[in-house]
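Dropping start_38.cif in here (mmCIF, C-alpha atoms):
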```
data_final
#
loop_
_atom_site.label_atom_id
_atom_site.label_comp_id
_atom_site.auth_asym_id
_atom_site.auth_seq_id
_atom_site.Cartn_x
_atom_site.Cartn_y
_atom_site.Cartn_z
CA MET K 1 5.48 -32.90 11.50
CA ILE K 2 2.11 -31.18 11.33
CA ASP K 3 0.29 -31.60 8.01
CA SER K 4 -0.02 -27.91 7.15
CA THR K 5 -1.03 -28.61 3.53
CA LYS K 6 -4.12 -30.50 4.68
CA TYR K 7 -5.38 -27.69 6.89
CA ILE K 8 -4.54 -24.92 4.43
CA ASN K 9 -6.36 -26.71 1.61
CA ILE K 10 -9.46 -27.01 3.79
CA PHE K 11 -9.20 -23.28 4.52
CA ILE K 12 -8.88 -22.47 0.81
CA ASP K 13 -11.92 -24.61 -0.02
CA TYR K 14 -13.98 -22.49 2.36
CA GLN K 15 -13.05 -19.27 0.57
CA SER K 16 -15.70 -17.56 -1.54
CA THR K 17 -15.19 -17.64 -5.31
CA GLU K 18 -15.62 -13.84 -5.26
CA ILE K 19 -12.44 -13.34 -3.19
CA LYS K 20 -9.43 -12.28 -5.26
CA GLN K 21 -6.61 -14.79 -5.54
CA VAL K 22 -4.10 -12.28 -4.17
CA THR K 23 -6.21 -11.97 -1.00
CA ILE K 24 -6.22 -15.74 -0.50
CA ILE K 25 -2.44 -15.84 -1.02
CA ARG K 26 -1.99 -13.22 1.72
CA LYS K 27 -4.18 -15.21 4.11
CA VAL K 28 -2.31 -18.42 3.39
CA ARG K 29 0.99 -16.65 4.01
CA ILE K 30 -0.14 -15.86 7.57
CA LEU K 31 -1.12 -19.50 8.09
CA ARG K 32 2.23 -20.75 6.83
CA PHE K 33 3.96 -18.59 9.44
CA LEU K 34 1.66 -20.12 12.07
CA PHE K 35 2.51 -23.68 11.03
CA GLU K 36 6.23 -22.92 10.96
CA TYR K 37 5.90 -21.80 14.57
CA LEU K 38 3.86 -24.87 15.54
CA GLU K 39 6.50 -27.13 14.02
CA SER K 40 9.19 -25.31 15.98
CA ILE K 41 7.44 -26.26 19.23
CA ASP K 42 6.89 -29.88 18.07
CA ILE K 43 3.11 -29.73 17.49
CA GLU K 44 2.00 -32.55 15.19
CA ASN K 45 -1.77 -32.13 15.22
CA LEU K 46 -3.91 -29.00 15.05
CA TYR K 47 -6.23 -30.40 17.74
CA ASP K 48 -3.36 -30.17 20.21
CA VAL K 49 -2.99 -26.42 19.64
CA THR K 50 -4.04 -24.15 22.49
CA LYS K 51 -5.11 -20.51 22.31
CA MET K 52 -1.97 -19.53 24.22
CA MET K 53 0.16 -21.09 21.48
CA VAL K 54 -1.53 -18.88 18.90
CA TYR K 55 -1.02 -15.81 21.07
CA ASP K 56 2.63 -16.73 21.55
CA PHE K 57 3.03 -17.15 17.79
CA LEU K 58 1.99 -13.55 17.14
CA LEU K 59 4.35 -12.33 19.85
CA THR K 60 7.25 -13.79 17.86
CA LYS K 61 6.44 -11.47 14.95
CA SER K 62 7.73 -7.91 14.84
CA TRP K 63 4.86 -6.85 12.57
CA ARG K 64 3.31 -3.41 12.86
CA SER K 65 -0.04 -3.36 14.67
CA GLN K 66 -2.10 -3.14 11.47
CA THR K 67 -0.46 -6.31 10.13
CA LYS K 68 -1.03 -8.10 13.44
CA SER K 69 -4.70 -7.10 13.36
CA HIS K 70 -4.97 -8.53 9.84
CA ALA K 71 -3.32 -11.75 11.05
CA GLN K 72 -5.82 -11.98 13.92
CA PHE K 73 -8.73 -11.74 11.48
CA VAL K 74 -7.19 -14.49 9.35
CA LEU K 75 -6.58 -16.70 12.39
CA ARG K 76 -10.12 -16.10 13.64
CA GLU K 77 -11.49 -17.16 10.25
CA PHE K 78 -9.17 -20.17 10.08
CA PHE K 79 -10.08 -21.55 13.50
CA ASN K 80 -13.79 -21.01 12.82
CA TYR K 81 -13.48 -23.37 9.86
CA MET K 82 -11.26 -25.83 11.72
CA LYS K 83 -13.70 -26.06 14.66
CA GLU K 84 -16.55 -26.60 12.20
CA GLU K 85 -14.58 -29.48 10.68
CA GLY K 86 -13.86 -30.92 14.13
CA LEU K 87 -10.15 -30.29 13.72
CA ALA K 88 -9.66 -27.70 16.49
CA LYS K 89 -10.74 -27.41 20.14
CA PHE K 90 -11.89 -23.79 19.84
CA ASP K 91 -13.32 -21.50 17.20
CA GLY K 92 -12.03 -18.15 16.05
CA TYR K 93 -14.30 -16.06 18.23
CA GLU K 94 -13.11 -17.90 21.33
CA LEU K 95 -9.58 -17.09 20.18
CA TYR K 96 -10.21 -13.41 19.35
CA PRO K 97 -13.59 -12.15 20.63
CA ILE K 98 -12.55 -8.57 19.82
CA ILE K 99 -9.87 -7.41 17.39
CA VAL K 100 -8.58 -3.87 17.79
CA THR K 101 -7.12 -2.21 14.73
CA ASN K 102 -4.82 0.79 14.82
CA LYS K 103 -5.50 2.51 11.53
CA ARG K 104 -3.13 5.35 12.34
CA ASP K 105 -0.29 2.99 11.42
CA ASN K 106 -1.37 3.37 7.82
CA ILE K 107 -1.12 7.16 7.76
CA LEU K 108 2.36 7.75 9.11
CA SER K 109 3.68 8.59 5.65
CA TYR K 110 2.68 12.23 5.28
CA TYR K 111 5.12 14.86 4.01
CA SER K 112 4.44 18.57 3.67
CA GLU K 113 4.44 20.40 0.34
CA ASP K 114 7.79 21.99 1.23
CA GLN K 115 9.34 18.59 2.04
CA ILE K 116 8.05 17.17 -1.25
CA ARG K 117 9.53 20.08 -3.24
CA LYS K 118 12.83 19.75 -1.38
CA MET K 119 12.92 16.03 -2.14
CA ILE K 120 12.23 16.52 -5.87
CA ASP K 121 14.82 19.31 -6.11
CA SER K 122 17.45 16.98 -4.62
CA ILE K 123 17.31 14.62 -7.61
CA ASP K 124 20.50 15.02 -9.64
CA THR K 125 19.40 15.61 -13.24
CA SER K 126 23.01 15.63 -14.51
CA CYS K 127 23.37 11.86 -14.07
CA LYS K 128 22.36 9.35 -16.74
CA CYS K 129 18.90 8.59 -15.35
CA GLY K 130 18.33 11.88 -13.51
CA ILE K 131 15.65 13.36 -15.77
CA ARG K 132 13.83 10.03 -15.89
CA ASN K 133 13.87 9.73 -12.11
CA LYS K 134 12.73 13.32 -11.60
CA CYS K 135 9.95 12.82 -14.12
CA MET K 136 8.62 9.68 -12.43
CA VAL K 137 8.85 11.18 -8.94
CA THR K 138 7.13 14.40 -10.03
CA ILE K 139 4.28 12.43 -11.57
CA ALA K 140 3.93 10.46 -8.32
CA ALA K 141 3.98 13.62 -6.20
CA TYR K 142 1.50 15.68 -8.20
CA THR K 143 -0.90 13.17 -9.75
CA GLY K 144 -1.29 10.58 -6.98
CA LEU K 145 -0.79 7.70 -9.41
CA ARG K 146 0.50 4.47 -7.89
CA ALA K 147 4.06 3.35 -8.59
CA SER K 148 2.97 0.55 -10.92
CA ASP K 149 0.86 2.95 -12.99
CA ILE K 150 3.87 5.26 -13.41
CA VAL K 151 6.68 2.77 -13.96
CA PHE K 152 4.58 0.90 -16.54
CA LEU K 153 3.09 4.01 -18.16
CA THR K 154 2.61 3.57 -21.91
CA PHE K 155 2.72 6.13 -24.72
CA SER K 156 -0.93 5.54 -25.58
CA GLU K 157 -1.97 6.52 -22.05
CA ILE K 158 -0.56 10.07 -22.37
CA LYS K 159 -3.12 12.33 -24.06
CA TRP K 160 -0.91 15.25 -25.02
CA ASP K 161 -3.72 17.29 -26.61
CA LYS K 162 -5.83 17.09 -23.43
CA ASN K 163 -2.93 17.32 -20.92
CA ILE K 164 -4.08 14.16 -19.12
CA ILE K 165 -2.96 10.62 -18.36
CA SER K 166 -5.80 8.25 -19.14
CA LYS K 167 -5.37 4.63 -18.12
CA ILE K 168 -6.78 1.54 -16.45
CA GLN K 169 -5.29 1.28 -12.96
CA ARG K 170 -3.22 -1.88 -12.63
CA LYS K 171 -4.26 -2.52 -9.04
CA THR K 172 -8.02 -1.98 -9.30
CA GLY K 173 -8.81 -2.27 -12.99
CA VAL K 174 -10.70 1.03 -12.74
CA ALA K 175 -10.31 3.67 -15.46
CA ILE K 176 -8.85 7.00 -14.39
CA GLU K 177 -8.05 10.33 -16.04
CA ILE K 178 -5.48 12.54 -14.32
CA PRO K 179 -4.49 16.06 -15.44
CA ILE K 180 -0.78 16.69 -15.85
CA THR K 181 0.87 20.02 -15.12
CA ASN K 182 3.19 21.86 -17.51
CA GLN K 183 6.07 20.86 -15.25
CA ILE K 184 5.29 17.18 -15.79
CA LYS K 185 4.68 17.71 -19.49
CA PHE K 186 8.02 19.48 -20.04
CA LEU K 187 9.90 16.82 -18.02
CA LEU K 188 8.29 14.10 -20.13
CA ILE K 189 9.20 15.87 -23.37
CA ASP K 190 12.78 16.44 -22.18
CA TYR K 191 13.14 12.79 -21.18
CA LEU K 192 11.65 11.44 -24.42
CA LYS K 193 13.66 13.74 -26.71
CA ASN K 194 17.00 13.81 -24.94
CA HIS K 195 17.40 11.01 -22.40
CA ARG K 196 15.27 7.95 -23.17
CA PRO K 197 17.24 5.06 -24.75
CA ASN K 198 16.45 4.72 -28.44
CA ILE K 199 14.50 1.47 -28.28
CA LYS K 200 11.09 0.41 -29.51
CA SER K 201 8.78 -0.20 -26.55
CA GLU K 202 5.25 0.74 -25.59
CA TYR K 203 6.55 1.77 -22.16
CA VAL K 204 7.65 5.35 -21.57
CA PHE K 205 10.22 4.71 -18.84
CA ILE K 206 13.19 2.48 -19.59
CA ASN K 207 15.86 0.94 -17.37
CA SER K 208 19.06 2.72 -18.39
CA VAL K 209 21.19 -0.20 -17.17
CA ASN K 210 19.99 -2.73 -19.76
CA ASN K 211 17.85 -0.52 -22.04
CA LEU K 212 14.78 -2.62 -21.33
CA PRO K 213 11.41 -1.85 -19.68
CA PHE K 214 11.36 -2.22 -15.92
CA LYS K 215 10.22 -5.54 -14.48
CA ASP K 216 9.24 -4.23 -11.04
CA ALA K 217 7.56 -1.04 -9.83
CA LYS K 218 9.66 -1.11 -6.64
CA ILE K 219 12.32 0.88 -8.46
CA LEU K 220 10.27 4.04 -7.90
CA THR K 221 10.08 3.44 -4.15
CA SER K 222 13.87 3.16 -4.07
CA ILE K 223 14.26 6.40 -6.05
CA VAL K 224 11.87 8.31 -3.78
CA ARG K 225 13.47 7.03 -0.59
CA ASN K 226 16.98 7.93 -1.76
CA ALA K 227 15.79 11.40 -2.77
CA PHE K 228 14.27 12.01 0.68
CA ILE K 229 17.55 10.98 2.30
CA LYS K 230 19.59 13.18 -0.02
CA ALA K 231 17.27 16.12 0.72
CA ASP K 232 17.86 15.57 4.44
CA VAL K 233 14.15 15.05 5.12
CA ASP K 234 13.54 13.10 8.34
CA ILE K 235 12.11 9.68 7.40
CA SER K 236 13.07 7.88 10.61
CA LYS K 237 9.49 7.40 11.80
CA LYS K 238 7.70 7.34 8.44
CA LYS K 239 7.45 5.33 5.30
CA ALA K 240 9.30 7.03 2.50
CA GLY K 241 8.39 5.18 -0.65
CA ALA K 242 6.32 6.10 -3.69
CA HIS K 243 3.06 5.46 -1.85
CA SER K 244 3.94 8.12 0.73
CA LEU K 245 3.66 10.68 -2.07
CA ARG K 246 0.12 9.52 -2.78
CA HIS K 247 -0.83 9.90 0.90
CA SER K 248 0.86 13.28 1.06
CA LEU K 249 -0.90 14.60 -2.03
CA ALA K 250 -4.31 13.67 -0.62
CA THR K 251 -3.50 15.22 2.75
CA ASN K 252 -2.13 18.44 1.28
CA MET K 253 -5.18 18.75 -0.98
CA LEU K 254 -7.36 18.36 2.09
CA LYS K 255 -5.39 21.06 3.91
CA ASN K 256 -6.03 23.31 0.90
CA ASN K 257 -9.79 22.73 1.27
CA THR K 258 -10.17 20.46 -1.75
CA PRO K 259 -13.56 18.68 -1.50
CA LEU K 260 -13.32 15.00 -0.57
CA PRO K 261 -15.17 13.80 -3.73
CA VAL K 262 -12.56 15.59 -5.85
CA ILE K 263 -9.72 13.90 -3.94
CA LYS K 264 -11.52 10.58 -4.41
CA GLU K 265 -11.58 11.03 -8.19
CA ILE K 266 -7.92 12.05 -8.38
CA LEU K 267 -6.83 9.02 -6.35
CA GLY K 268 -9.04 6.74 -8.43
CA HIS K 269 -10.88 5.32 -5.44
CA THR K 270 -14.19 3.59 -6.08
CA ASN K 271 -15.40 4.14 -2.52
CA ILE K 272 -15.20 7.46 -0.70
CA ASN K 273 -14.69 5.56 2.60
CA THR K 274 -11.23 4.62 1.30
CA THR K 275 -10.47 8.28 0.71
CA GLU K 276 -11.73 9.32 4.14
CA LYS K 277 -8.84 7.58 5.91
CA TYR K 278 -6.64 10.48 4.79
CA ILE K 279 -8.70 12.90 6.91
CA SER K 280 -7.20 11.68 10.15
CA VAL K 281 -3.77 12.92 9.07
CA ASP K 282 -4.93 16.53 9.12
CA ILE K 283 -4.67 17.07 12.86
CA GLU K 284 -4.38 20.85 12.52
CA GLY K 285 -7.50 20.92 10.37
CA LEU K 286 -9.42 18.95 12.95
CA ARG K 287 -8.26 21.31 15.69
CA ARG K 288 -9.49 24.31 13.70
CA MET K 289 -12.89 22.73 13.21
CA SER K 290 -13.29 21.57 16.82
CA LEU K 291 -15.76 23.27 19.13
CA GLU K 292 -15.04 24.19 22.73
CA VAL K 293 -16.98 22.00 25.14
CA PRO K 294 -19.24 24.23 27.31
CA ILE K 295 -18.82 24.08 31.08
CA TYR K 296 -21.69 22.21 32.70
CA GLU K 297 -22.67 23.18 36.21
#
```
Render the structure in this file as structure tokens.
Amino acid sequence: MIDSTKYINIFIDYQSTEIKQVTIIRKVRILRFLFEYLESIDIENLYDVTKMMVYDFLLTKSWRSQTKSHAQFVLREFFNYMKEEGLAKFDGYELYPIIVTNKRDNILSYYSEDQIRKMIDSIDTSCKCGIRNKCMVTIAAYTGLRASDIVFLTFSEIKWDKNIISKIQRKTGVAIEIPITNQIKFLLIDYLKNHRPNIKSEYVFINSVNNLPFKDAKILTSIVRNAFIKADVDISKKKAGAHSLRHSLATNMLKNNTPLPVIKEILGHTNINTTEKYISVDIEGLRRMSLEVPIYE
């Protein structure tokens, strides 16, 4: 059996102290998949691994192209370190001289304003958790907040007098202030006065099954997906979770000529380059801005 722990620990030791722990965990996850494959083909030593084995390993994975590109970067980095330690026959750049990324995989989750409205309207507010669900989904659709920032929203983060949600983003740790519409405000008030379980908790949204705060933000993705299906919106070739509403908001704002720096602030991005990836969704906008190529004789 190949000593995967030995090689992974060497890889971890090479990592910069500035790299987030969650990033290292994701890299190690890729490596564990690699070693599982190597064990399946009876490889006992990393020095016996060939480049073709690594290529074959990736072919066994039905990952989307963006995930495979990420895995290639991790494998390139890993084999660079292993070659430096004298534990591999080749380095990462021999393995992957060029890595092609398909960033369009990340933007296949756009829904039009009409589809978003249809999805929200499909939520049954007569059921026990209907108003809560509609409230969370509406916040996601019209503020761009991430699922974790909505599901774990606290009372202190709602500034009723200013009509904003002011909070530290759970993912980035960056402060953000987002305006809330009257629609969101009235849904919140309705939920808090008439539908929220009568329990003491700093969290606004409560699991109606056990009358406790939610433990996982994935509940919102499930709610959104089910609402899209109920609304008969085609999700067969798209992601349909809570994050798709964030992508869609940015794209629809762009279509409505909202300046990119404004979109950046609403999404809480620290770098405008992150926001710019939403531009490529607006194919119609790009067509309108394109210039006809003159005929050259």
Practice prompt. Show which residues sit within 8 Å of Val74 (chain K), as a PyMOL selection string. Count all atoms listed in the file, and ignore same-chain residues fewer than 5 positions away.
Written response: chain K and resi 27+30-31
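Computed from the coordinates, the CA of Lys239 (chain K) to CA of Ser109 (chain K) distance equals 5.0 Å.
Once only C-alpha atoms are considered, the residues situated within 8 Å of the file point (14.6, 13.4, -18.9) turn out to be Thr125, Cys129, Gly130, Ile131, Arg132, Asn133, Lys134, Cys135, Leu187, Leu188, Ile189, Asp190, Tyr191, Leu192, Lys193, Asn194, His195 and Arg196 of chain K.
Between CA of Tyr81 (chain K) and CA of Trp63 (chain K) the interatomic distance comes to 24.8 Å.
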Practice prompt. Please write the residues picked by the PyMOL selection byres ((chain K and resi 260) around 10) on this file as a ChimeraX atom specification.
Written response: /K:250,253-254,257-259,261-266,272,275-276,278-279
Output file for the residues above (C-alpha atoms, as a PDB file, keeping the file's coordinate frame):
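File written: part_13.pdb
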```pdb
ATOM      1  CA  ALA K 250      -4.310  13.670  -0.620  1.00  0.00           C
ATOM      2  CA  MET K 253      -5.180  18.750  -0.980  1.00  0.00           C
ATOM      3  CA  LEU K 254      -7.360  18.360   2.090  1.00  0.00           C
ATOM      4  CA  ASN K 257      -9.790  22.730   1.270  1.00  0.00           C
ATOM      5  CA  THR K 258     -10.170  20.460  -1.750  1.00  0.00           C
ATOM      6  CA  PRO K 259     -13.560  18.680  -1.500  1.00  0.00           C
ATOM      7  CA  PRO K 261     -15.170  13.800  -3.730  1.00  0.00           C
ATOM      8  CA  VAL K 262     -12.560  15.590  -5.850  1.00  0.00           C
ATOM      9  CA  ILE K 263      -9.720  13.900  -3.940  1.00  0.00           C
ATOM     10  CA  LYS K 264     -11.520  10.580  -4.410  1.00  0.00           C
ATOM     11  CA  GLU K 265     -11.580  11.030  -8.190  1.00  0.00           C
ATOM     12  CA  ILE K 266      -7.920  12.050  -8.380  1.00  0.00           C
ATOM     13  CA  ILE K 272     -15.200   7.460  -0.700  1.00  0.00           C
ATOM     14  CA  THR K 275     -10.470   8.280   0.710  1.00  0.00           C
ATOM     15  CA  GLU K 276     -11.730   9.320   4.140  1.00  0.00           C
ATOM     16  CA  TYR K 278      -6.640  10.480   4.790  1.00  0.00           C
ATOM     17  CA  ILE K 279      -8.700  12.900   6.910  1.00  0.00           C
TER      18      ILE K 279
END
```
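Straight-line separation from CA of Arg26 (chain K) to CA of Val100 (chain K): 19.7 Å.
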Item to complete: Report as a PyMOL selection string the full result of the PyMOL selection byres ((chain K and resi 201-205) around 7) when it is applied to this structure.
Response: chain K and resi 151-155+199-200+206-207+213
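Here the question is which of K:Leu46, K:Lys255, K:Asp161, K:Tyr110 gets nearest to Lys238 (chain K) using only C-alpha atoms, and that residue is K:Tyr110.
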Item to complete: For Ser244 (chain K), work out the shell of residues within 10 Å, counting all atoms listed in the file and skipping chain neighbours fewer than 3 positions away, then give it as JSON, numbers by chain.
Response: {"K": [107, 108, 109, 110, 111, 140, 141, 144, 146, 221, 224, 225, 238, 239, 240, 241, 247, 248, 249]}
Practice prompt. Please write as a PyMOL selection string the list of polymer residues whose atoms come within 12 Å of (-5.7, -31.5, 18.1), counting only C-alpha atoms and keeping to the coordinates of the file.
Written response: chain K and resi 2-3+7+38+43-51+79+82-83+85-90
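Among K:His70, K:Arg76, K:Lys61, K:Lys237, the residue with the shortest atom-to-atom distance to Phe11 (chain K), counting all atoms listed in the file, is K:Arg76.
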Worksheet item: If you apply the PyMOL selection byres ((chain K and resi 33) around 12) to this file, what residues do you get, as an MDAnalysis selection string?
Response: chainID K and resid 4 8 26:32 34:40 54 57:58 60:61 71 74:75
Just write the chosen residues, C-alpha atoms, as a PDB file, keeping the file's coordinate frame.
```pdb
ATOM      1  CA  SER K   4      -0.020 -27.910   7.150  1.00  0.00           C
ATOM      2  CA  ILE K   8      -4.540 -24.920   4.430  1.00  0.00           C
ATOM      3  CA  ARG K  26      -1.990 -13.220   1.720  1.00  0.00           C
ATOM      4  CA  LYS K  27      -4.180 -15.210   4.110  1.00  0.00           C
ATOM      5  CA  VAL K  28      -2.310 -18.420   3.390  1.00  0.00           C
ATOM      6  CA  ARG K  29       0.990 -16.650   4.010  1.00  0.00           C
ATOM      7  CA  ILE K  30      -0.140 -15.860   7.570  1.00  0.00           C
ATOM      8  CA  LEU K  31      -1.120 -19.500   8.090  1.00  0.00           C
ATOM      9  CA  ARG K  32       2.230 -20.750   6.830  1.00  0.00           C
ATOM     10  CA  LEU K  34       1.660 -20.120  12.070  1.00  0.00           C
ATOM     11  CA  PHE K  35       2.510 -23.680  11.030  1.00  0.00           C
ATOM     12  CA  GLU K  36       6.230 -22.920  10.960  1.00  0.00           C
ATOM     13  CA  TYR K  37       5.900 -21.800  14.570  1.00  0.00           C
ATOM     14  CA  LEU K  38       3.860 -24.870  15.540  1.00  0.00           C
ATOM     15  CA  GLU K  39       6.500 -27.130  14.020  1.00  0.00           C
ATOM     16  CA  SER K  40       9.190 -25.310  15.980  1.00  0.00           C
ATOM     17  CA  VAL K  54      -1.530 -18.880  18.900  1.00  0.00           C
ATOM     18  CA  PHE K  57       3.030 -17.150  17.790  1.00  0.00           C
ATOM     19  CA  LEU K  58       1.990 -13.550  17.140  1.00  0.00           C
ATOM     20  CA  THR K  60       7.250 -13.790  17.860  1.00  0.00           C
ATOM     21  CA  LYS K  61       6.440 -11.470  14.950  1.00  0.00           C
ATOM     22  CA  ALA K  71      -3.320 -11.750  11.050  1.00  0.00           C
ATOM     23  CA  VAL K  74      -7.190 -14.490   9.350  1.00  0.00           C
ATOM     24  CA  LEU K  75      -6.580 -16.700  12.390  1.00  0.00           C
TER      25      LEU K  75
END
```
